[in-house]
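Q: One structure follows; several queries about it will come next.
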Amino acid sequence: MRIKIKVRKNSNRNHQKQPRSLSGAEFRQGGPRYWAAVGTMAACGVLSGGAGAPVFGAQAGRQPAQMAGARQQHAARQYHIAAGPLDGVVRQLAEATGLRVEMKDPLAGGVQSPGVTGLFSPEEALRKALEGTGLTVQMGAAGQWMIEMPPLWASVDVQERMPLASPKYTAPVRDLPQTIMVIPRSVMEQQGATSLTEVLRNVPGLTIAAGEGGVPAGDNLTLRGFSARNDIFVDGVRDISPTSRDPFNLEQVEVIKGPQSAFTGRGSTGGSINMITKTPSLAKSVGASVSFGTAGLRRFTTDVNTPVRFLGERTGFRTNLMFHEGGVAGRDVVHNRRWGLAPSLVFGSGSHTRYTLGYQKLRQDNIPDYGLPWVPATQNVLAAYRDQPAPAPRNTFYGMKHRDMEFLNSDMGTLRFEHEFSDNFSLRNQFRVSASKRNSIVTAPRFASNDSLVINRSSPSWVTEDNVVDNQTDFRAQFTTGGIQHSAVGGAAFTRENNRRVGRTAVGTPTTDFYHPDPNQPWTGSFTLSTIQGDATGNTQAGFLFDTVKLHRKFEVNGGLRWERFATSGISSAGASLTRTDNMTSVRAAAIFKPVEPGSIYFSYGTSMNPSLEGVAYQTANTAIEPEKTYTTEVGTKWEMLNARLLLSGAIFHVEKTNARTPGVLPDEPAQVLQGNQVVNGAELGVTGNITRSLRLFGAYTLLGSEITKSNTPAEVGNRFINTPKNSFSMWSSYSMKKLTVGGGVRFVDSRFGNTANTRRVDSYWTLDALAQYSLGRHLDLRVNLYNLNNAYYFERLGGGHLVPGAARSAMVTTNFIF
């Protein structure tokens, strides 16, 4: 394809030498090099009579017939364009894709681009080329893309739909036959999210369970009605540790809904959560933020990226730091203190061969919160509140300030190798070693008797250690057989997960009063360490293969399978022997119809497997029984609107667990048998992107009709699942006006049940958040976040014996520095 740059030749030869490339950081600073470049441009313009904007790609004046050969289909493809001046990167993109791109100011061509490496659609690749540059892009007339410089005082806040980072997906989100939410870093930062649970408030149909039943508190998630505690991943590696996670080192969070053991391995009955960590590039940037807020909140983060020339021209280094301390608005005594560090180094950025080294440490010292007790069905003093949350003020704390503790530490090291042999074949290997520790003592409040308001302080206490070694190798290949296009992904995974845990028993814990608990009461009791140390190891060997077959420009099918061997052995914390090996095969298949390029209609089918030792030594089930099996069917559609600025999606689905665990009732049956049946029928609606250049939306609605259709416990047949709202909704929007950005979010969660008998219930609730952000200069902006403006008293975490209130009305003020 011919590339024409509409810049007149300068008759003054002294100005023909090309200037040194400007980094995005230098460009934003508006420093001496910026003004020197502007002066040079002005002088050139006067001497030459003015210069037009550079245009890359097809010429606007070509006839449709002439452009037909130049245009490329909008399908995703592999790119490996090295970092360098933006005009060179865009030129290569135009040659490869047929996009027509214009730079409204020729100075932008000298800005340093990080390049484009990976699988993207043409539009996604163009936006990837602008990451960290401070430049913006929008669709102009006649399908032409316009790259613009923001005003010098503007605070850059570019938000776009991010592609999935997992190598197992071979198409943009628009063409993936599954309900998917990708929460980008820009949304996390706008919302001021300080924990993974706060990030996941954007996901309707996802709820949080309280620590209970031998599982300590942490990110205990429920997705589409099924537990997802074991379905949390970091860069595609399972993380089973009972911990609370901070988003300081996250680029995005990917929530994939529906059974998908074919992609992730065991579990994933309701879906999975994959956290993508930040990686270095060759751009120069320095960012920092300082936050203060309600309940003594103090938070500091930095994000520094720089090329490291002495280690190689394509070497980049990035480090993220975080310190956080504060309580929870409306919850007395509860306190969180943590710090994190995450350095990473990339060799060969933007080239065919890349090595990435990364390390992350997160250390926490908290006073944990187990909230309020449920009122028992036999309680006489509070008879009007039977099977309801205890009628206590939100700030009531039944724990012991000078005894309760939660020490958490996690370390994670990663080595990733990537190589593109060609545009059509690439190989990746990722090696991960991680270790996490937990030492916790918590107060779980319970009524002491039916005829009093005395509260027993049950004291679950654990010391746990989780160690994971994981190695994954995968390849991607694009090829044609008999005129049919294929996009294949295959590979193997080997994982070792070890869990060691020991319990402690409290002696001499004082009781307290229901209405007037004393958190400062001295602790004079003692703890007895169990003589039994649980120690279990799970070993996984797996192989997988997927293929997307394009049968016609409007019709394609994809499918694949994963075979997995999961062998666990050891001893539980109760002293029971844990030995089981399961060989599992999971499948995924879909048909996709594309009536036009920006839209797709799909039907998909998938399975998941839940072995009895899915969590290794956490929540162990009967080791004598086979894995539970879950099947899903989903029909949905996705449409890009407004020149691909906005993505609309909708789906209806059916999920059925056909052999759910239920108590054995016959004399010769084990304690658990696979004779239950559980069903979820539902629908999803989603919107992501820009209505206008200034107005952005990010939201979704979920309908979940859950039912226990078969069980050996007659009282629960026909009932809804625990902690599964029928309706839930989340919408975040922002509007930018020069220096000012305003926004807000609304979230609704329907009523939920706290037990399978459906006798315990919490009311529905909604919350309203608000945002205002103002640029104070080239390097500085101020952001104010307001949370739960309506001051709703609601319960965020549900457990069988207790439930934890959400935060009250609160505020956070953040100063962001950009250099």
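Scheme for the structure tokens: letters A, B, ... for chains in order shown; per-chain residue numbers from 1; ligand numbers from 1 in order shown.
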Determine, using only C-alpha atoms, which residues of region 516-565 of chain A have any atom at most 10 Å from an atom of region 250-264 of chain A, and tabulate each with its shortest atom pair and distance in Å to one decimal place, rows ordered by chain and then rising number, as a Markdown table.

A:
```
| residue | atom | partner | partner_atom | distance |
| --- | --- | --- | --- | --- |
| A:Gly543 | CA | A:Ala262 | CA | 9.7 |
| A:Phe544 | CA | A:Ala262 | CA | 7.5 |
| A:Leu545 | CA | A:Ala262 | CA | 9.1 |
| A:Phe546 | CA | A:Ala262 | CA | 9.2 |
| A:Gly559 | CA | A:Ala262 | CA | 9.6 |
| A:Gly560 | CA | A:Ala262 | CA | 7.3 |
| A:Leu561 | CA | A:Ala262 | CA | 5.4 |
| A:Arg562 | CA | A:Ala262 | CA | 4.9 |
| A:Trp563 | CA | A:Ala262 | CA | 8.0 |
| A:Glu564 | CA | A:Ala262 | CA | 9.2 |
```

Q: Determine, counting only C-alpha atoms, which protein, DNA and RNA residues have an atom within 8 Å of an atom of Ala228 (chain A); residues of the same chain fewer than 6 positions away are not included. Present the result as number ranges by chain.

A: A: 220-222, 267-272

Q: Write a file of the just-selected residues containing all heavy atoms, as a PDB file, in the first residue's frame.

A:
```pdb
ATOM      1  N   ASN A 220     -13.641 -13.770  49.422  1.00  0.00           N
ATOM      2  CA  ASN A 220     -14.490 -14.945  49.224  1.00  0.00           C
ATOM      3  C   ASN A 220     -15.651 -14.556  48.314  1.00  0.00           C
ATOM      4  O   ASN A 220     -16.669 -14.037  48.769  1.00  0.00           O
ATOM      5  CB  ASN A 220     -15.023 -15.462  50.562  1.00  0.00           C
ATOM      6  CG  ASN A 220     -13.911 -15.897  51.484  1.00  0.00           C
ATOM      7  OD1 ASN A 220     -12.900 -16.408  51.030  1.00  0.00           O
ATOM      8  ND2 ASN A 220     -14.084 -15.677  52.776  1.00  0.00           N
ATOM      9  N   LEU A 221     -15.519 -14.814  47.039  1.00  0.00           N
ATOM     10  CA  LEU A 221     -16.451 -14.300  46.044  1.00  0.00           C
ATOM     11  C   LEU A 221     -17.473 -15.350  45.626  1.00  0.00           C
ATOM     12  O   LEU A 221     -17.210 -16.557  45.654  1.00  0.00           O
ATOM     13  CB  LEU A 221     -15.683 -13.814  44.812  1.00  0.00           C
ATOM     14  CG  LEU A 221     -14.547 -12.816  45.092  1.00  0.00           C
ATOM     15  CD1 LEU A 221     -13.824 -12.464  43.800  1.00  0.00           C
ATOM     16  CD2 LEU A 221     -15.068 -11.562  45.775  1.00  0.00           C
ATOM     17  N   THR A 222     -18.639 -14.864  45.214  1.00  0.00           N
ATOM     18  CA  THR A 222     -19.692 -15.702  44.633  1.00  0.00           C
ATOM     19  C   THR A 222     -20.073 -15.093  43.297  1.00  0.00           C
ATOM     20  O   THR A 222     -20.355 -13.895  43.211  1.00  0.00           O
ATOM     21  CB  THR A 222     -20.925 -15.753  45.561  1.00  0.00           C
ATOM     22  OG1 THR A 222     -20.538 -16.323  46.816  1.00  0.00           O
ATOM     23  CG2 THR A 222     -22.023 -16.603  44.952  1.00  0.00           C
ATOM     24  N   GLY A 267     -13.012 -26.104  38.677  1.00  0.00           N
ATOM     25  CA  GLY A 267     -13.822 -25.023  39.231  1.00  0.00           C
ATOM     26  C   GLY A 267     -14.422 -24.140  38.165  1.00  0.00           C
ATOM     27  O   GLY A 267     -14.871 -24.617  37.115  1.00  0.00           O
ATOM     28  N   SER A 268     -14.447 -22.829  38.424  1.00  0.00           N
ATOM     29  CA  SER A 268     -14.993 -21.829  37.507  1.00  0.00           C
ATOM     30  C   SER A 268     -16.441 -22.124  37.158  1.00  0.00           C
ATOM     31  O   SER A 268     -16.870 -21.918  36.030  1.00  0.00           O
ATOM     32  CB  SER A 268     -14.146 -21.747  36.228  1.00  0.00           C
ATOM     33  OG  SER A 268     -12.816 -21.418  36.539  1.00  0.00           O
ATOM     34  N   THR A 269     -17.219 -22.601  38.137  1.00  0.00           N
ATOM     35  CA  THR A 269     -18.618 -22.930  37.879  1.00  0.00           C
ATOM     36  C   THR A 269     -19.417 -21.695  37.499  1.00  0.00           C
ATOM     37  O   THR A 269     -20.206 -21.709  36.558  1.00  0.00           O
ATOM     38  CB  THR A 269     -19.237 -23.586  39.124  1.00  0.00           C
ATOM     39  OG1 THR A 269     -18.434 -24.711  39.490  1.00  0.00           O
ATOM     40  CG2 THR A 269     -20.655 -24.048  38.848  1.00  0.00           C
ATOM     41  N   GLY A 270     -19.230 -20.601  38.246  1.00  0.00           N
ATOM     42  CA  GLY A 270     -19.924 -19.363  37.917  1.00  0.00           C
ATOM     43  C   GLY A 270     -19.106 -18.434  37.059  1.00  0.00           C
ATOM     44  O   GLY A 270     -19.619 -17.436  36.550  1.00  0.00           O
ATOM     45  N   GLY A 271     -17.830 -18.744  36.894  1.00  0.00           N
ATOM     46  CA  GLY A 271     -16.930 -17.901  36.120  1.00  0.00           C
ATOM     47  C   GLY A 271     -15.605 -17.752  36.828  1.00  0.00           C
ATOM     48  O   GLY A 271     -15.287 -18.499  37.762  1.00  0.00           O
ATOM     49  N   SER A 272     -14.816 -16.776  36.402  1.00  0.00           N
ATOM     50  CA  SER A 272     -13.494 -16.573  36.994  1.00  0.00           C
ATOM     51  C   SER A 272     -13.138 -15.096  36.977  1.00  0.00           C
ATOM     52  O   SER A 272     -13.688 -14.308  36.210  1.00  0.00           O
ATOM     53  CB  SER A 272     -12.427 -17.386  36.251  1.00  0.00           C
ATOM     54  OG  SER A 272     -12.289 -16.908  34.922  1.00  0.00           O
TER      55      SER A 272
END
```

Q: Using only C-alpha atoms, what table do you get, as a Markdown table, when you list each residue of region 348-458 of chain A with an atom no more than 8 Å from region 495-514 of chain A, its nearest pair of atoms, and their distance in Å rounded to one decimal, rows by chain then rising number?

A:
```
| residue | atom | partner | partner_atom | distance |
| --- | --- | --- | --- | --- |
| A:Ala392 | CA | A:Phe514 | CA | 7.9 |
| A:Tyr398 | CA | A:Thr512 | CA | 7.4 |
| A:Leu453 | CA | A:Phe514 | CA | 5.4 |
| A:Val454 | CA | A:Asp513 | CA | 5.1 |
| A:Ile455 | CA | A:Thr512 | CA | 5.3 |
| A:Asn456 | CA | A:Thr511 | CA | 5.0 |
| A:Arg457 | CA | A:Thr511 | CA | 6.0 |
```

Q: Write the residues you've just listed into a file as a PDB file, in the first residue's frame, and include all heavy atoms for each of them.

A:
```pdb
ATOM      1  N   ALA A 392     -28.606  -3.874  65.555  1.00  0.00           N
ATOM      2  CA  ALA A 392     -27.603  -3.054  66.224  1.00  0.00           C
ATOM      3  C   ALA A 392     -27.155  -1.947  65.280  1.00  0.00           C
ATOM      4  O   ALA A 392     -27.216  -2.107  64.052  1.00  0.00           O
ATOM      5  CB  ALA A 392     -26.411  -3.913  66.634  1.00  0.00           C
ATOM      6  N   TYR A 398     -18.051  -6.100  67.949  1.00  0.00           N
ATOM      7  CA  TYR A 398     -18.047  -7.081  69.041  1.00  0.00           C
ATOM      8  C   TYR A 398     -16.673  -7.698  69.281  1.00  0.00           C
ATOM      9  O   TYR A 398     -16.509  -8.531  70.169  1.00  0.00           O
ATOM     10  CB  TYR A 398     -19.061  -8.187  68.745  1.00  0.00           C
ATOM     11  CG  TYR A 398     -20.490  -7.694  68.734  1.00  0.00           C
ATOM     12  CD1 TYR A 398     -21.169  -7.488  67.541  1.00  0.00           C
ATOM     13  CD2 TYR A 398     -21.147  -7.409  69.932  1.00  0.00           C
ATOM     14  CE1 TYR A 398     -22.477  -7.025  67.529  1.00  0.00           C
ATOM     15  CE2 TYR A 398     -22.456  -6.940  69.927  1.00  0.00           C
ATOM     16  CZ  TYR A 398     -23.115  -6.747  68.726  1.00  0.00           C
ATOM     17  OH  TYR A 398     -24.405  -6.275  68.724  1.00  0.00           O
ATOM     18  N   LEU A 453     -29.275 -11.236  76.090  1.00  0.00           N
ATOM     19  CA  LEU A 453     -28.592 -10.460  75.058  1.00  0.00           C
ATOM     20  C   LEU A 453     -27.087 -10.493  75.269  1.00  0.00           C
ATOM     21  O   LEU A 453     -26.358  -9.590  74.858  1.00  0.00           O
ATOM     22  CB  LEU A 453     -29.098  -9.013  75.073  1.00  0.00           C
ATOM     23  CG  LEU A 453     -30.571  -8.825  74.661  1.00  0.00           C
ATOM     24  CD1 LEU A 453     -30.956  -7.360  74.715  1.00  0.00           C
ATOM     25  CD2 LEU A 453     -30.819  -9.392  73.271  1.00  0.00           C
ATOM     26  N   VAL A 454     -26.622 -11.565  75.882  1.00  0.00           N
ATOM     27  CA  VAL A 454     -25.193 -11.772  76.049  1.00  0.00           C
ATOM     28  C   VAL A 454     -24.621 -12.330  74.743  1.00  0.00           C
ATOM     29  O   VAL A 454     -25.209 -13.226  74.126  1.00  0.00           O
ATOM     30  CB  VAL A 454     -24.907 -12.733  77.220  1.00  0.00           C
ATOM     31  CG1 VAL A 454     -23.413 -13.049  77.315  1.00  0.00           C
ATOM     32  CG2 VAL A 454     -25.410 -12.123  78.516  1.00  0.00           C
ATOM     33  N   ILE A 455     -23.474 -11.776  74.318  1.00  0.00           N
ATOM     34  CA  ILE A 455     -22.827 -12.213  73.075  1.00  0.00           C
ATOM     35  C   ILE A 455     -21.558 -12.990  73.399  1.00  0.00           C
ATOM     36  O   ILE A 455     -20.657 -12.494  74.104  1.00  0.00           O
ATOM     37  CB  ILE A 455     -22.477 -10.995  72.189  1.00  0.00           C
ATOM     38  CG1 ILE A 455     -23.757 -10.278  71.733  1.00  0.00           C
ATOM     39  CG2 ILE A 455     -21.645 -11.424  70.982  1.00  0.00           C
ATOM     40  CD1 ILE A 455     -24.642 -11.102  70.827  1.00  0.00           C
ATOM     41  N   ASN A 456     -21.513 -14.215  72.905  1.00  0.00           N
ATOM     42  CA  ASN A 456     -20.281 -15.003  72.963  1.00  0.00           C
ATOM     43  C   ASN A 456     -19.328 -14.522  71.879  1.00  0.00           C
ATOM     44  O   ASN A 456     -19.749 -14.251  70.746  1.00  0.00           O
ATOM     45  CB  ASN A 456     -20.561 -16.483  72.761  1.00  0.00           C
ATOM     46  CG  ASN A 456     -20.991 -17.166  74.045  1.00  0.00           C
ATOM     47  OD1 ASN A 456     -20.712 -16.677  75.138  1.00  0.00           O
ATOM     48  ND2 ASN A 456     -21.673 -18.288  73.919  1.00  0.00           N
ATOM     49  N   ARG A 457     -18.055 -14.420  72.239  1.00  0.00           N
ATOM     50  CA  ARG A 457     -17.044 -14.035  71.244  1.00  0.00           C
ATOM     51  C   ARG A 457     -16.324 -15.300  70.765  1.00  0.00           C
ATOM     52  O   ARG A 457     -15.241 -15.649  71.243  1.00  0.00           O
ATOM     53  CB  ARG A 457     -16.058 -13.059  71.849  1.00  0.00           C
ATOM     54  CG  ARG A 457     -16.631 -11.658  72.055  1.00  0.00           C
ATOM     55  CD  ARG A 457     -15.730 -10.829  72.904  1.00  0.00           C
ATOM     56  NE  ARG A 457     -16.004  -9.402  72.784  1.00  0.00           N
ATOM     57  CZ  ARG A 457     -15.734  -8.518  73.742  1.00  0.00           C
ATOM     58  NH1 ARG A 457     -15.202  -8.930  74.898  1.00  0.00           N
ATOM     59  NH2 ARG A 457     -15.991  -7.244  73.564  1.00  0.00           N
TER      60      ARG A 457
END
```

Q: Excluding Arg245 (chain A) and its own-chain neighbours fewer than 2 positions away, which residues fall within 8 Å of it when counting only C-alpha atoms? Please give them as a PyMOL selection string.

A: chain A and resi 195-196+219+243+247
